[in-house]
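Trainee: Pasting upload.csv below, which is CSV, C-alpha atoms.
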chain,number,residue,atom,x,y,z
A,1,MET,CA,87.1,82.3,8.8
A,2,LYS,CA,90.5,81.5,7.4
A,3,SER,CA,93.6,82.1,9.6
A,4,GLN,CA,96.2,84.2,8.0
A,5,GLN,CA,99.6,82.7,8.1
A,6,THR,CA,102.2,85.4,8.8
A,7,THR,CA,105.8,84.8,7.9
A,8,GLN,CA,108.3,86.5,10.2
A,9,THR,CA,110.9,88.4,8.3
A,10,MET,CA,113.9,90.3,9.4
A,11,LYS,CA,116.2,92.9,7.9
A,12,PRO,CA,119.4,91.7,6.4
A,13,ALA,CA,121.4,93.4,9.3
A,14,THR,CA,119.5,91.3,11.8
A,15,ALA,CA,120.0,88.1,9.8
A,16,ALA,CA,123.7,88.8,9.4
A,17,LYS,CA,124.0,89.4,13.2
A,18,LYS,CA,122.3,86.1,13.9
A,19,LEU,CA,124.6,84.3,11.4
A,20,GLY,CA,127.7,86.0,12.9
A,21,VAL,CA,128.8,87.6,9.6
A,22,TYR,CA,129.7,91.1,8.5
A,23,LEU,CA,126.8,92.5,6.5
A,24,PRO,CA,128.8,94.5,3.9
A,25,ALA,CA,130.7,91.3,3.0
A,26,THR,CA,127.5,89.4,2.1
A,27,PRO,CA,126.2,89.0,-1.4
A,28,ALA,CA,124.1,92.0,-2.8
A,29,GLU,CA,120.9,89.9,-3.0
A,30,PHE,CA,121.3,89.1,0.8
A,31,GLN,CA,121.9,92.8,1.7
A,32,GLU,CA,119.0,94.1,-0.4
A,33,GLY,CA,116.3,91.6,0.5
A,34,VAL,CA,114.5,90.5,3.6
A,35,VAL,CA,115.1,87.1,5.3
A,36,SER,CA,112.3,84.9,6.6
A,37,ARG,CA,112.7,82.8,9.7
A,38,ALA,CA,112.6,79.7,7.4
A,39,GLU,CA,115.4,81.1,5.2
A,40,LEU,CA,117.5,81.9,8.2
A,41,ASN,CA,117.0,78.4,9.6
A,42,GLU,CA,118.0,77.0,6.2
A,43,LEU,CA,121.1,79.2,6.0
A,44,GLN,CA,122.1,78.0,9.5
A,45,ALA,CA,121.5,74.3,8.7
A,46,ASN,CA,122.9,74.3,5.2
A,47,PRO,CA,125.2,77.3,4.8
A,48,PRO,CA,126.0,78.2,1.2
A,49,GLN,CA,129.6,78.6,0.0
A,50,TRP,CA,129.6,82.3,0.5
A,51,LEU,CA,128.5,81.9,4.1
A,52,GLN,CA,131.0,79.2,4.8
A,53,GLU,CA,133.7,81.4,3.4
A,54,LEU,CA,132.7,84.4,5.4
A,55,ARG,CA,132.6,82.4,8.6
A,56,SER,CA,136.0,80.9,8.1
A,57,SER,CA,137.9,83.8,6.5
A,58,GLY,CA,135.9,86.9,7.2
A,59,PRO,CA,135.8,89.8,7.3
A,60,HIS,CA,134.3,89.2,10.7
A,61,PRO,CA,132.0,91.6,12.7
A,62,ARG,CA,133.4,93.2,15.9
A,63,PRO,CA,131.6,90.7,18.2
A,64,VAL,CA,133.3,87.8,16.4
A,65,VAL,CA,136.6,89.6,16.3
A,66,ALA,CA,136.4,90.3,20.1
A,67,ALA,CA,135.4,86.7,20.9
A,68,ARG,CA,138.3,85.3,18.8
A,69,LEU,CA,140.8,87.5,20.5
A,70,GLY,CA,139.3,86.8,24.0
A,71,ILE,CA,138.4,90.4,24.8
A,72,SER,CA,135.4,92.6,24.9
A,73,ILE,CA,134.0,94.8,22.1
A,74,ALA,CA,134.9,97.8,24.2
A,75,GLY,CA,138.4,96.4,24.5
A,76,LEU,CA,138.6,96.4,20.7
A,77,ALA,CA,137.6,100.0,20.6
A,78,ARG,CA,140.2,100.9,23.2
A,79,GLY,CA,142.8,99.1,21.1
A,80,GLY,CA,141.8,101.2,18.1
A,81,VAL,CA,140.1,98.4,16.2
A,82,THR,CA,137.0,99.8,14.6
A,83,GLU,CA,136.8,97.9,11.4
A,84,ALA,CA,135.9,94.3,10.6
A,85,LEU,CA,138.9,92.0,10.5
A,86,THR,CA,139.7,88.9,8.5
A,87,THR,CA,140.8,85.7,10.1
A,88,GLU,CA,144.3,86.4,8.8
A,89,GLN,CA,144.3,89.8,10.5
A,90,ILE,CA,143.1,88.3,13.8
A,91,GLU,CA,145.8,85.6,13.7
A,92,ALA,CA,148.4,88.3,13.0
A,93,LEU,CA,147.3,90.2,16.1
A,94,ARG,CA,147.5,87.0,18.2
A,95,GLN,CA,151.0,86.4,16.9
A,96,ASP,CA,152.2,90.0,17.4
A,97,LYS,CA,150.7,90.3,20.9
A,98,PRO,CA,150.4,94.1,21.0
A,99,GLU,CA,150.5,95.6,24.5
A,100,TRP,CA,146.9,96.7,24.3
A,101,LEU,CA,145.7,93.2,23.4
A,102,GLU,CA,147.6,91.6,26.3
A,103,LYS,CA,146.1,94.3,28.7
A,104,GLU,CA,142.6,93.7,27.4
A,105,ARG,CA,142.9,89.9,27.7
A,106,ALA,CA,144.1,90.4,31.3
A,107,THR,CA,141.1,92.7,32.0
A,108,GLN,CA,138.7,90.2,30.5
A,109,ALA,CA,140.2,87.4,32.6
A,110,GLU,CA,139.6,89.5,35.7
A,111,VAL,CA,136.0,90.2,34.6
A,112,ARG,CA,135.4,86.5,34.2
A,113,LYS,CA,136.9,85.7,37.6
A,114,GLU,CA,134.7,88.3,39.2
A,115,ALA,CA,131.6,87.0,37.5
A,116,VAL,CA,132.4,83.5,38.8
A,117,ARG,CA,133.0,84.9,42.3
A,118,ILE,CA,129.7,86.7,42.3
A,119,LYS,CA,127.8,83.6,41.0
A,120,GLU,CA,129.4,81.4,43.8
A,121,LYS,CA,128.6,84.0,46.4
A,122,LYS,CA,125.0,84.1,45.3
A,123,ALA,CA,124.7,80.3,45.2
A,124,ASP,CA,126.1,80.2,48.8
A,125,ARG,CA,123.5,82.7,50.0
A,126,GLU,CA,120.7,80.8,48.3
A,127,GLY,CA,122.0,77.5,49.8
A,128,SER,CA,122.1,78.9,53.4
Mind turning this structure into structure tokens?
Mentor:
Amino acid sequence: MKSQQTTQTMKPATAAKKLGVYLPATPAEFQEGVVSRAELNELQANPPQWLQELRSSGPHPRPVVAARLGISIAGLARGGVTEALTTEQIEALRQDKPEWLEKERATQAEVRKEAVRIKEKKADREGS
């Protein structure tokens, strides 16, 4: 009996998410096809020009925008940012330092501090 080899494939949206790119900005053939695990690995190992360009200039998906601004995705929404942004737009926000961005950065810093405190407390309890 022959074993059937199955190739795992994913939807373009899933592949774009794993690659950290904004799906509508990818080439049509990427958006309209399916991506195998091998193809994804190849894209990650040897990104073509379009992927390199998207990663450096954007437009970037919201998780990437949030990370580059040092805030949460919810913070982006509270700040009124609902669209993908280019690297240039992200840099402009960093330079302009709008009040909402400064507030969200402070909130994110508090969240990180609290996460460290909880982790340390848990480690102390486990060590006792």
Trainee: Which residues are close to Lys11 in chain A, i.e. within 8 Å by only C-alpha atoms, leaving aside same-chain residues fewer than 6 positions away? Reply as a PyMOL selection string.
Mentor: chain A and resi 33-35
Trainee: Determine, counting only C-alpha atoms, which protein, DNA and RNA residues have an atom within 9 Å of an atom of range 90-107 of chain A; residues of the same chain fewer than 6 positions away are not included. Present the result as a count of residues only.
Mentor: 10
Trainee: Quick check, in Å to one decimal: how far apart do CA of Ile73 in chain A and CA of Pro12 in chain A lie?
Mentor: 21.7 Å
Trainee: Contacts of Leu51 in chain A at 12 Å or less, counting all atoms listed in the file, minus same-chain residues fewer than 5 places along, as JSON, numbers by chain?
Mentor: {"A": [15, 16, 19, 20, 21, 22, 23, 25, 26, 27, 30, 40, 42, 43, 44, 45, 46, 56, 57, 58, 59, 60]}
Trainee: Separation of CA of Gln31 in chain A and CA of Glu53 in chain A, in Å?
Mentor: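 Those two atoms sit 16.5 Å apart.
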Trainee: Between A:Ala109, A:Ala38, A:Ala13, A:Leu85, single out the one closest to Arg55 in chain A, counting all atoms listed in the file.
Mentor: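 Answer, going by the shortest atom-to-atom distance: A:Leu85.
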Trainee: Rank A:Pro48, A:Glu39, A:Gln8, A:Ala66 by their smallest atom-to-atom distance to Gln108 in chain A, using all atoms listed in the file, and report the top residue only.
Mentor: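 Checking each candidate against Gln108 in chain A, we get A:Ala66 as the closest.
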Trainee: How far is it from CA of Val111 in chain A to CA of Ala74 in chain A, in Å with one decimal?
Mentor: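 Those two atoms sit 12.9 Å apart.
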